[in-house]
>>> print(open('final-v1.csv').read())   # CSV, C-alpha atoms
chain,number,residue,atom,x,y,z
A,1,MET,CA,38.3,12.8,-11.2
A,2,LYS,CA,39.7,9.4,-10.2
A,3,THR,CA,38.9,8.5,-6.6
A,4,ARG,CA,41.9,7.2,-4.7
A,5,CYS,CA,41.2,4.2,-2.5
A,6,ILE,CA,41.0,5.0,1.2
A,7,ILE,CA,42.9,2.1,2.7
A,8,PHE,CA,43.3,3.3,6.2
A,9,ALA,CA,39.6,3.5,6.8
A,10,ALA,CA,39.6,-0.3,6.5
A,11,ILE,CA,42.1,-0.8,9.3
A,12,VAL,CA,41.4,-1.2,13.0
A,13,ALA,CA,44.7,-1.9,14.6
A,14,ALA,CA,44.9,-3.4,18.1
A,15,ALA,CA,48.1,-5.0,19.5
A,16,THR,CA,47.3,-7.9,21.7
A,17,VAL,CA,50.8,-8.2,23.0
A,18,SER,CA,53.8,-6.4,21.5
A,19,ALA,CA,55.7,-8.7,19.1
A,20,LYS,CA,59.4,-9.2,19.7
A,21,GLU,CA,61.9,-7.2,17.7
A,22,LYS,CA,63.2,-8.6,14.5
A,23,LYS,CA,65.8,-11.3,14.9
A,24,ASN,CA,69.4,-10.6,14.0
A,25,THR,CA,69.7,-13.9,12.2
A,26,VAL,CA,67.1,-15.5,10.0
A,27,PRO,CA,67.1,-19.4,10.1
A,28,THR,CA,67.5,-21.3,6.9
A,29,GLU,CA,66.0,-24.7,6.1
A,30,SER,CA,69.2,-26.4,7.4
A,31,ASP,CA,68.5,-24.7,10.8
A,32,MET,CA,65.0,-26.1,11.0
A,33,GLY,CA,64.0,-29.3,12.7
A,34,ALA,CA,60.3,-29.0,13.6
A,35,TYR,CA,56.9,-27.8,12.3
A,36,VAL,CA,53.9,-25.9,13.5
A,37,MET,CA,50.4,-26.5,12.3
A,38,VAL,CA,47.5,-24.0,12.8
A,39,TYR,CA,43.9,-24.9,12.5
A,40,HIS,CA,40.5,-23.9,13.9
A,41,LYS,CA,37.6,-25.9,15.4
A,42,ASP,CA,33.9,-25.3,14.9
A,43,CYS,CA,33.3,-25.8,18.6
A,44,ASP,CA,35.1,-22.6,19.6
A,45,HIS,CA,36.0,-20.6,16.5
A,46,SER,CA,39.5,-20.1,17.9
A,47,LEU,CA,43.1,-20.6,16.9
A,48,HIS,CA,44.8,-23.9,17.7
A,49,MET,CA,48.3,-25.1,17.2
A,50,ALA,CA,50.1,-28.5,16.9
A,51,LEU,CA,53.8,-29.4,16.8
A,52,SER,CA,55.7,-32.1,15.0
A,53,TYR,CA,59.4,-33.0,14.9
A,54,ASP,CA,59.3,-35.4,12.0
A,55,SER,CA,56.3,-34.0,10.0
A,56,TYR,CA,54.4,-37.2,10.5
A,57,THR,CA,53.3,-37.3,14.1
A,58,TRP,CA,51.5,-34.2,15.5
A,59,THR,CA,50.6,-33.1,19.0
A,60,ALA,CA,48.4,-30.2,19.8
A,61,LEU,CA,49.7,-27.5,22.1
A,62,ASN,CA,47.8,-26.5,25.2
A,63,ASP,CA,46.1,-29.9,25.2
A,64,ASP,CA,44.1,-28.8,22.1
A,65,LYS,CA,42.6,-25.8,23.9
A,66,PRO,CA,42.8,-22.5,22.0
A,67,ILE,CA,46.1,-20.8,21.7
A,68,ILE,CA,44.2,-17.5,21.0
A,69,SER,CA,40.5,-17.2,21.6
A,70,GLY,CA,38.6,-16.0,18.6
A,71,ASP,CA,36.3,-13.8,20.7
A,72,THR,CA,39.3,-11.7,21.8
A,73,ILE,CA,40.6,-10.8,18.3
A,74,ALA,CA,37.8,-10.8,15.8
A,75,MET,CA,35.1,-8.3,15.0
A,76,GLN,CA,32.6,-11.2,14.8
A,77,HIS,CA,34.1,-12.7,17.9
A,78,GLY,CA,35.3,-15.8,16.1
A,79,ILE,CA,38.0,-16.9,13.6
A,80,ARG,CA,38.2,-19.5,10.9
A,81,ASP,CA,40.6,-20.7,8.2
A,82,PRO,CA,43.9,-19.7,9.9
A,83,HIS,CA,47.0,-19.7,7.7
A,84,ILE,CA,50.6,-19.4,8.9
A,85,PHE,CA,53.6,-18.4,6.7
A,86,ARG,CA,57.2,-17.9,7.6
A,87,GLY,CA,58.5,-14.8,5.9
A,88,PRO,CA,62.1,-14.1,4.7
A,89,ASP,CA,62.6,-11.9,7.8
A,90,GLY,CA,62.1,-15.0,10.0
A,91,GLY,CA,58.7,-13.6,11.2
A,92,PHE,CA,55.5,-15.6,11.3
A,93,TYR,CA,52.6,-14.2,9.4
A,94,LEU,CA,49.1,-15.3,10.5
A,95,ALA,CA,45.9,-14.5,8.6
A,96,MET,CA,42.4,-15.6,9.5
A,97,THR,CA,38.8,-15.2,8.4
A,98,ASP,CA,36.9,-12.9,10.8
A,99,LEU,CA,33.7,-15.0,11.0
A,100,HIS,CA,31.6,-16.7,13.6
A,101,ILE,CA,29.0,-19.0,11.8
A,102,PHE,CA,27.0,-19.5,15.0
A,103,ALA,CA,27.1,-15.9,16.1
A,104,SER,CA,23.4,-15.3,16.4
A,105,LYS,CA,22.8,-18.4,18.5
A,106,LYS,CA,25.8,-17.9,20.7
A,107,PHE,CA,25.3,-14.2,21.5
A,108,ALA,CA,21.5,-13.8,21.1
A,109,ASP,CA,20.9,-13.7,24.9
A,110,ASN,CA,24.1,-11.9,25.9
A,111,PRO,CA,23.5,-8.2,26.6
A,112,LYS,CA,27.2,-7.5,26.0
A,113,PHE,CA,26.9,-8.3,22.3
A,114,SER,CA,23.2,-7.8,21.6
A,115,LYS,CA,23.6,-4.4,19.9
A,116,LEU,CA,26.6,-5.2,17.8
A,117,SER,CA,25.7,-4.8,14.1
A,118,VAL,CA,28.2,-7.5,13.0
A,119,TYR,CA,25.9,-10.2,14.3
A,120,ARG,CA,23.2,-11.7,12.2
A,121,ASP,CA,19.5,-12.4,12.7
A,122,ASN,CA,20.0,-15.9,11.3
A,123,GLU,CA,22.8,-18.4,11.3
A,124,TRP,CA,24.4,-18.3,7.9
A,125,GLU,CA,23.2,-15.5,5.7
A,126,ARG,CA,21.9,-12.0,5.5
A,127,ASP,CA,19.3,-11.2,2.9
A,128,GLY,CA,20.9,-10.6,-0.5
A,129,TYR,CA,24.5,-11.5,0.5
A,130,GLY,CA,24.5,-15.3,0.6
A,131,TRP,CA,26.4,-17.6,2.8
A,132,GLY,CA,29.0,-16.2,5.2
A,133,ASN,CA,28.1,-12.6,6.0
A,134,ASN,CA,31.7,-11.6,6.9
A,135,ARG,CA,33.6,-8.5,5.6
A,136,GLY,CA,37.0,-8.8,7.1
A,137,LEU,CA,40.2,-10.5,8.1
A,138,VAL,CA,42.4,-10.8,11.1
A,139,VAL,CA,46.1,-10.5,10.4
A,140,MET,CA,48.9,-11.0,13.0
A,141,LYS,CA,52.7,-11.1,13.2
A,142,SER,CA,55.1,-12.6,15.6
A,143,PHE,CA,58.8,-13.7,15.9
A,144,ASP,CA,58.2,-16.3,18.6
A,145,LEU,CA,54.5,-17.5,18.1
A,146,ILE,CA,53.7,-16.2,21.6
A,147,ASN,CA,53.8,-12.4,21.4
A,148,TRP,CA,51.8,-10.9,18.5
A,149,THR,CA,50.7,-7.7,16.9
A,150,ARG,CA,47.2,-7.7,15.4
A,151,THR,CA,45.3,-5.7,12.8
A,152,ASN,CA,41.6,-6.1,11.8
A,153,LEU,CA,40.8,-5.4,8.2
A,154,ASP,CA,37.3,-4.4,7.2
A,155,PHE,CA,37.0,-4.5,3.4
A,156,SER,CA,33.5,-3.0,3.4
A,157,LYS,CA,35.0,0.3,4.3
A,158,LEU,CA,37.3,0.5,1.2
A,159,THR,CA,36.5,3.2,-1.3
A,160,CYS,CA,38.6,1.9,-4.2
A,161,PRO,CA,37.0,0.1,-7.2
A,162,THR,CA,36.3,-3.6,-6.9
A,163,GLY,CA,36.6,-4.1,-10.7
A,164,ILE,CA,33.1,-5.7,-10.7
A,165,THR,CA,30.0,-4.4,-12.3
A,166,ASP,CA,26.4,-5.4,-11.8
A,167,HIS,CA,24.1,-6.7,-14.6
A,168,HIS,CA,23.3,-3.0,-15.6
A,169,GLY,CA,27.1,-2.3,-16.0
A,170,ASN,CA,27.3,-0.2,-12.8
A,171,PRO,CA,30.4,-0.5,-10.6
A,172,VAL,CA,29.8,-2.5,-7.4
A,173,PRO,CA,31.5,-0.9,-4.4
A,174,TRP,CA,33.3,-2.7,-1.6
A,175,SER,CA,30.5,-1.8,0.7
A,176,GLU,CA,28.6,-4.6,-1.1
A,177,VAL,CA,31.1,-7.3,-0.2
A,178,GLY,CA,29.5,-10.6,0.7
A,179,CYS,CA,32.5,-12.4,2.1
A,180,VAL,CA,36.2,-12.2,2.7
A,181,TRP,CA,37.4,-15.7,3.4
A,182,ALA,CA,40.4,-18.0,3.7
A,183,PRO,CA,43.3,-15.5,3.6
A,184,GLU,CA,46.8,-16.8,2.9
A,185,THR,CA,50.1,-15.1,2.7
A,186,VAL,CA,53.1,-15.4,0.3
A,187,TYR,CA,56.2,-13.3,-0.3
A,188,ASP,CA,56.5,-11.4,-3.6
A,189,TYR,CA,60.3,-11.4,-4.2
A,190,GLU,CA,59.9,-8.9,-7.1
A,191,ARG,CA,58.1,-6.3,-5.1
A,192,GLY,CA,59.6,-7.2,-1.7
A,193,HIS,CA,56.3,-7.3,0.2
A,194,ILE,CA,54.1,-9.8,1.8
A,195,MET,CA,51.0,-10.5,-0.3
A,196,VAL,CA,47.7,-11.6,1.2
A,197,HIS,CA,45.3,-13.4,-1.1
A,198,PHE,CA,41.8,-14.3,-0.2
A,199,THR,CA,38.4,-15.4,-1.5
A,200,THR,CA,35.8,-12.7,-2.0
A,201,ARG,CA,32.5,-12.0,-3.7
A,202,MET,CA,30.1,-9.1,-4.0
A,203,LYS,CA,26.7,-9.7,-2.4
A,204,SER,CA,25.7,-13.2,-3.4
A,205,GLY,CA,27.7,-13.3,-6.6
A,206,THR,CA,30.5,-15.8,-7.7
A,207,GLU,CA,33.5,-16.2,-5.4
A,208,MET,CA,37.0,-15.4,-6.9
A,209,ILE,CA,40.5,-14.8,-5.5
A,210,TYR,CA,41.8,-11.3,-4.8
A,211,TYR,CA,45.1,-10.1,-3.4
A,212,VAL,CA,46.5,-7.1,-1.5
A,213,TYR,CA,50.0,-6.1,-0.4
A,214,MET,CA,50.9,-5.4,3.3
A,215,ASN,CA,53.6,-3.3,4.9
A,216,ASP,CA,56.6,-5.0,6.6
A,217,ASP,CA,55.0,-4.8,10.0
A,218,PHE,CA,51.8,-6.6,8.7
A,219,THR,CA,49.7,-3.8,10.1
A,220,GLU,CA,48.5,-1.9,7.0
A,221,MET,CA,47.4,-2.6,3.4
A,222,ILE,CA,49.6,-0.7,1.0
A,223,SER,CA,47.8,-1.5,-2.2
A,224,GLU,CA,44.3,-1.7,-3.6
A,225,PRO,CA,42.9,-5.3,-3.7
A,226,LYS,CA,43.1,-6.7,-7.2
A,227,LEU,CA,41.8,-9.8,-8.9
A,228,LEU,CA,44.3,-12.7,-8.8
A,229,PHE,CA,42.4,-15.7,-10.2
A,230,GLU,CA,38.9,-16.6,-11.3
A,231,ALA,CA,37.1,-19.3,-13.2
A,232,PRO,CA,36.8,-19.0,-17.0
A,233,HIS,CA,33.9,-16.8,-18.1
A,234,ASP,CA,30.7,-18.0,-19.5
A,235,ARG,CA,29.0,-16.5,-22.6
A,236,ASN,CA,27.6,-13.7,-20.5
A,237,GLY,CA,31.1,-12.6,-19.6
A,238,VAL,CA,31.0,-13.7,-15.9
A,239,PRO,CA,32.9,-16.5,-14.1
A,240,ALA,CA,31.2,-19.8,-14.9
A,241,TYR,CA,31.7,-21.2,-11.4
A,242,THR,CA,33.2,-20.5,-8.0
A,243,VAL,CA,36.9,-20.7,-7.0
A,244,ILE,CA,37.9,-20.5,-3.4
A,245,ASP,CA,40.6,-21.3,-0.8
A,246,SER,CA,43.8,-20.3,-2.7
A,247,ASP,CA,47.3,-21.4,-1.5
A,248,ILE,CA,50.6,-20.3,-3.2
A,249,CYS,CA,54.0,-21.8,-2.7
A,250,LYS,CA,57.2,-20.9,-4.6
A,251,VAL,CA,59.5,-23.8,-5.7
A,252,GLY,CA,62.5,-22.7,-7.7
A,253,ASP,CA,61.3,-20.0,-10.1
A,254,THR,CA,57.7,-21.3,-10.2
A,255,TYR,CA,54.7,-20.3,-8.1
A,256,HIS,CA,52.3,-23.1,-7.5
A,257,LEU,CA,48.7,-22.2,-6.9
A,258,PHE,CA,46.4,-24.7,-5.3
A,259,TYR,CA,42.7,-23.8,-5.1
A,260,VAL,CA,39.2,-25.2,-4.9
A,261,SER,CA,37.1,-25.4,-8.0
A,262,HIS,CA,33.3,-25.7,-7.7
A,263,GLU,CA,32.9,-26.5,-11.4
A,264,LYS,CA,31.1,-29.7,-10.4
A,265,THR,CA,31.8,-30.5,-6.8
A,266,ALA,CA,34.5,-29.0,-4.4
A,267,THR,CA,37.8,-30.2,-5.8
A,268,VAL,CA,41.4,-29.1,-5.3
A,269,LYS,CA,43.1,-27.9,-8.5
A,270,HIS,CA,46.6,-26.9,-9.4
A,271,ALA,CA,47.9,-24.0,-11.6
A,272,THR,CA,51.4,-22.5,-12.1
A,273,SER,CA,52.9,-19.1,-13.0
A,274,LYS,CA,56.4,-17.5,-13.1
A,275,CYS,CA,54.9,-14.4,-11.3
A,276,VAL,CA,53.1,-14.5,-8.0
A,277,THR,CA,50.3,-12.4,-9.3
A,278,GLY,CA,49.8,-14.5,-12.4
A,279,PRO,CA,48.5,-15.2,-14.9
A,280,TYR,CA,48.2,-18.8,-13.7
A,281,ILE,CA,48.0,-21.7,-16.1
A,282,ALA,CA,45.7,-24.5,-15.0
A,283,ASP,CA,47.2,-28.0,-14.7
A,284,ASP,CA,44.5,-30.3,-16.1
A,285,LYS,CA,46.5,-33.4,-15.1
A,286,TYR,CA,46.5,-32.8,-11.4
A,287,ASN,CA,44.6,-35.4,-9.4
A,288,ASP,CA,45.0,-35.7,-5.6
A,289,GLY,CA,43.2,-39.1,-5.4
A,290,GLU,CA,40.3,-37.8,-3.3
A,291,THR,CA,36.9,-38.8,-4.7
A,292,VAL,CA,34.5,-36.7,-2.6
A,293,ALA,CA,34.2,-32.9,-2.0
A,294,HIS,CA,37.2,-31.4,-0.2
A,295,GLU,CA,38.8,-28.0,0.3
A,296,ALA,CA,41.4,-25.8,2.0
A,297,PRO,CA,44.6,-27.0,0.3
A,298,ASN,CA,48.0,-26.1,1.9
A,299,CYS,CA,51.4,-26.9,0.4
A,300,TRP,CA,54.4,-27.4,2.7
A,301,LYS,CA,57.8,-28.9,2.4
A,302,ARG,CA,59.3,-31.8,4.4
A,303,LEU,CA,62.5,-30.4,5.7
A,304,GLY,CA,65.7,-31.7,4.2
A,305,GLN,CA,63.9,-33.5,1.4
A,306,ASP,CA,62.8,-32.6,-2.1
A,307,LEU,CA,59.3,-33.6,-1.0
A,308,TRP,CA,56.2,-31.4,-0.7
A,309,VAL,CA,52.9,-32.1,0.9
A,310,ILE,CA,49.5,-30.9,-0.2
A,311,MET,CA,47.3,-31.1,2.8
A,312,PHE,CA,43.5,-30.6,2.5
A,313,ASP,CA,40.4,-30.7,4.6
A,314,ASN,CA,37.8,-33.3,3.9
A,315,TYR,CA,34.6,-31.8,5.5
A,316,HIS,CA,32.5,-34.9,4.6
A,317,ARG,CA,34.4,-37.1,7.0
A,318,LYS,CA,33.1,-37.4,10.6
A,319,PRO,CA,35.0,-36.2,12.5
A,320,HIS,CA,36.6,-33.7,10.2
A,321,ASN,CA,40.0,-34.9,9.0
A,322,PHE,CA,42.9,-33.9,6.8
A,323,GLY,CA,44.1,-35.7,3.7
A,324,PHE,CA,47.7,-35.7,2.5
A,325,VAL,CA,49.3,-35.9,-0.9
A,326,GLU,CA,53.1,-35.9,-1.7
A,327,THR,CA,55.0,-34.8,-4.7
A,328,SER,CA,58.7,-34.3,-5.6
A,329,ASP,CA,58.1,-32.7,-9.0
A,330,PHE,CA,54.6,-31.2,-9.0
A,331,GLN,CA,53.8,-33.5,-11.9
A,332,THR,CA,53.1,-36.7,-10.2
A,333,PHE,CA,51.2,-36.8,-6.9
A,334,LYS,CA,50.7,-39.7,-4.4
A,335,MET,CA,47.9,-39.9,-1.9
A,336,THR,CA,49.3,-40.9,1.5
A,337,GLY,CA,46.1,-41.1,3.5
A,338,TYR,CA,44.5,-39.3,6.5
A,339,PHE,CA,45.3,-38.6,10.1
A,340,GLY,CA,44.9,-41.8,12.0
A,341,GLU,CA,43.9,-43.9,9.0
A,342,GLU,CA,45.1,-47.5,8.8
A,343,GLY,CA,48.2,-47.6,6.6
A,344,SER,CA,48.7,-43.8,6.7
A,345,PRO,CA,52.0,-42.4,8.2
A,346,MET,CA,50.2,-39.3,9.4
A,347,LYS,CA,49.3,-39.4,13.1
A,348,ARG,CA,47.7,-37.1,15.6
A,349,THR,CA,48.1,-37.8,19.3
A,350,ASN,CA,45.7,-35.6,21.2
A,351,PHE,CA,43.3,-33.8,18.8
A,352,ALA,CA,40.5,-34.3,16.3
A,353,GLU,CA,37.9,-32.4,14.3
A,354,GLN,CA,40.5,-29.9,13.2
A,355,LYS,CA,39.6,-27.7,10.2
A,356,HIS,CA,41.4,-25.7,7.5
A,357,GLY,CA,45.0,-26.2,8.5
A,358,ALA,CA,48.4,-24.8,7.5
A,359,VAL,CA,52.0,-25.7,8.3
A,360,ALA,CA,55.2,-23.6,8.7
A,361,PRO,CA,58.8,-24.7,9.6
A,362,LEU,CA,60.4,-24.1,13.0
A,363,THR,CA,63.8,-24.6,14.6
A,364,VAL,CA,64.0,-27.1,17.4
A,365,ALA,CA,64.6,-24.3,19.9
A,366,GLU,CA,61.5,-22.5,18.8
A,367,ALA,CA,59.4,-25.7,19.1
A,368,LYS,CA,60.8,-26.4,22.6
A,369,ALA,CA,60.0,-22.8,23.6
A,370,LEU,CA,56.4,-23.3,22.6
A,371,GLU,CA,56.3,-26.5,24.5
A,372,ARG,CA,57.6,-24.8,27.7
A,373,HIS,CA,55.0,-22.1,27.3
A,374,TRP,CA,52.0,-24.3,26.7
A,375,ASN,CA,52.6,-27.9,27.7
A,376,LYS,CA,53.2,-29.7,31.0
A,377,ILE,CA,54.4,-32.8,29.3
A,378,PRO,CA,57.1,-32.5,26.6
A,379,ILE,CA,56.3,-33.7,23.1
A,380,ALA,CA,58.6,-36.7,22.1
A,381,GLN,CA,61.2,-35.6,19.6
A,382,LYS,CA,61.8,-38.1,16.9
A,383,LYS,CA,64.3,-38.3,14.2
A,384,GLN,CA,63.0,-37.1,10.8
A,385,LYS,CA,62.0,-40.0,8.6
A,386,ALA,CA,64.0,-40.6,5.5
A,387,LYS,CA,62.0,-41.0,2.3
>>> encode(input="final-v1.csv", output="structure tokens")
Amino acid sequence: MKTRCIIFAAIVAAATVSAKEKKNTVPTESDMGAYVMVYHKDCDHSLHMALSYDSYTWTALNDDKPIISGDTIAMQHGIRDPHIFRGPDGGFYLAMTDLHIFASKKFADNPKFSKLSVYRDNEWERDGYGWGNNRGLVVMKSFDLINWTRTNLDFSKLTCPTGITDHHGNPVPWSEVGCVWAPETVYDYERGHIMVHFTTRMKSGTEMIYYVYMNDDFTEMISEPKLLFEAPHDRNGVPAYTVIDSDICKVGDTYHLFYVSHEKTATVKHATSKCVTGPYIADDKYNDGETVAHEAPNCWKRLGQDLWVIMFDNYHRKPHNFGFVETSDFQTFKMTGYFGEEGSPMKRTNFAEQKHGAVAPLTVAEAKALERHWNKIPIAQKKQKAK
């Protein structure tokens, strides 16, 4: 008898603050005039936000202090890899990795957390499960970026098949999950649902990309997780290398998948499909101009222009920094530099060491409301640059 996946067992819902009701009118691109960027920092494992009115100069809200503290929303008391997406209902969909990489050090002497099983005896790994040791995601929704609903997803509680077998041919259950990382959201126009895609692996196996559909309130999984994308198989029938950090944007009738390949060193790659769930065809010509290992690609559009930006995280730079690539046709790509780099148009005014960022469009009114909520000094509004 086929066993049906118990999805609800993986959900621990907890509303931080009630999200506002759905707006009557949904803004279009012509209504937009600002941008919000989300990112995390290793020093606090929390959610940070920055604003821009021209997509080139960015200023952190709350003077770069956390917008939401990771220890208030995550099972591991820390978040990483935040991604923000503006859905067709006008709502903001936020997804984050539930992971604190310094958890054992931070909480070892704190009696409040000493008995929690989610914390580790070492910093990065648990025996047999490899780097990371996380099993879940934090997903949140808001219509104003201030009031949120929240759900914690624990994939280790799922009872549906993973589609993966061990070297003896036995099915590997979700209880053996080694990581659930870097979640991102995209809308599936055919199915009419928000899709969350994420990096996962079983125990210390090879990472690949899975996806799951969510309900309209972004509080429940309504499908079983399925494989979205993986590396080509080797002669033993298993992925030849790791792929992580997926990002999907829809332009016209084409879905563009940006991901990180570890075939040699961590490198951003590009693939396309006419269906959000694939199959995706790799673009062997894509080259973002970066010569050292980098990760966390995010594709976003400069408002009012046929110009898209692929932003990525170069974790070899000290302090951590983001690189930026522009394209108008997804066939030719131009490197435009890093935040604060001489000759680069990309500027940051009051933050540094940001990691794994993502960008979504705002109306000017929405941006000003965020400023009033978080900032004492208004951010200078500049006219959008023409390219």
>>> residues_around(input="final-v1.csv", residues="Pro171 (chain A)", least_positions_apart="6", cutoff="8 Å", atoms="only C-alpha atoms", output="short mmCIF file (atom, residue, chain, number, x, y, z; two decimals) with C-alpha atoms, in the frame of the given file")
data_model
loop_
_atom_site.label_atom_id
_atom_site.label_comp_id
_atom_site.auth_asym_id
_atom_site.auth_seq_id
_atom_site.Cartn_x
_atom_site.Cartn_y
_atom_site.Cartn_z
CA PRO A 161 37.00 0.10 -7.20
CA THR A 162 36.30 -3.60 -6.90
CA GLY A 163 36.60 -4.10 -10.70
CA ILE A 164 33.10 -5.70 -10.70
CA THR A 165 30.00 -4.40 -12.30
#
>>> atom_distance(input="final-v1.csv", atom1="CA of His294 (chain A)", atom2="CA of Phe229 (chain A)")
19.3 Å
>>> residues_around(input="final-v1.csv", residues="region 272-282 of chain A", least_positions_apart="2", cutoff="12 Å", atoms="all atoms listed in the file", output="ChimeraX atom specification")
/A:185-197,209-213,225-232,246-259,261,268-270,284-286,330-331
>>> atom_distance(input="final-v1.csv", atom1="CA of Thr265 (chain A)", atom2="CA of Glu290 (chain A)")
11.7 Å
>>> closest_atom_pairs(input="final-v1.csv", of="region 176-197 of chain A", to="region 150-154 of chain A", cutoff="12 Å", atoms="all atoms listed in the file", output="tab-separated table")
residue	atom	partner	partner_atom	distance
A:Val177	CA	A:Asp154	CA	10.1
A:Gly178	CA	A:Asp154	CA	11.9
A:Cys179	CA	A:Asp154	CA	10.6
A:Val180	CA	A:Asp154	CA	9.1
A:Trp181	CA	A:Leu153	CA	11.9
A:Pro183	CA	A:Leu153	CA	11.4
A:Val196	CA	A:Leu153	CA	11.6
>>> closest_residue(input="final-v1.csv", among="A:Thr57, A:Thr206, A:Thr159, A:Asn62", to="Arg372 (chain A)", atoms="all atoms listed in the file")
A:Asn62
